Amino acid sequence: MGLSLFENSREINTNSAVMMVEDVLIALGHFVNDCRVEDPQAMKAWRVAKGSAQVSIQIVQRADHPHLRVTSAVMRLAPGAEASLRADLHADLLARNAELCGVAFAARGDQVLLVAERSTLDIDRSEVHELIRRVSDHADSVDNALVASYGGTLGGTP
């Protein structure tokens with residue numbers, strides 16, 4: 001009638017992922033208490049800035065295991081932007097995706113996102129660091145150029 005050490009492995013896995021995210025945020029120079037945010041779509045969430053980019057880090061529930069999801073809203077097209085401008089932007093983003101590793105551009109309405117996601121199963125600290133670094137660095141390096149090319153505004157909150 002003894003309890004197995006691994007009966008609640010999902011909770012242990014989630015807690016481990018939270019500790020790794022917060023450890024990485026500290027290593028990147030952030031104050032964790034200032035980064036924590038409430039997000040009804042996430043089990044845990046943080047928000048940080050890298051230059052002009054705002055980056056959201058979430059532990060989200062998935063059917064198999066929780067996932068670490070890192071996103072940045074790179075830009076927002078002006079409401080009512082012409083269809084040809086949208087088509088040009090989407091073609092540009094797809095071409096850029098072909099050159100990216102471990103991260104991809106996505107669209108949500110008028111917002112352009114940069115997204116990376118991975119299961120927390122067997123994740124280690126270096127992978128957490130790489131996901132956060134990859135999204136934040138790339139978002140900060142392309143956001144101003146995309147706004148300059150296609151108009152609109154910097155993305156704001158993902």
# chains A, B, ... in the order shown; residues from 1 in each chain; ligands from 1
>>> residues_around(residues="Val74 of chain A", least_positions_apart="5", cutoff="6 Å", atoms="only C-alpha atoms", output="list in words")
Val112, Leu113, Ala139, Asp143 and Gly155 of chain A
>>> closest_residue(among="A:Leu94, A:Leu85, A:Val37, A:Ala107", to="Ser149 of chain A", atoms="only C-alpha atoms")
A:Leu85
>>> atom_distance(atom1="atom CA of Ala91 of chain A", atom2="atom CA of Gly109 of chain A")
15.7 Å
>>> closest_residue(among="A:Arg125, A:Arg76, A:Arg134, A:Arg10", to="Gly151 of chain A", atoms="only C-alpha atoms")
A:Arg76
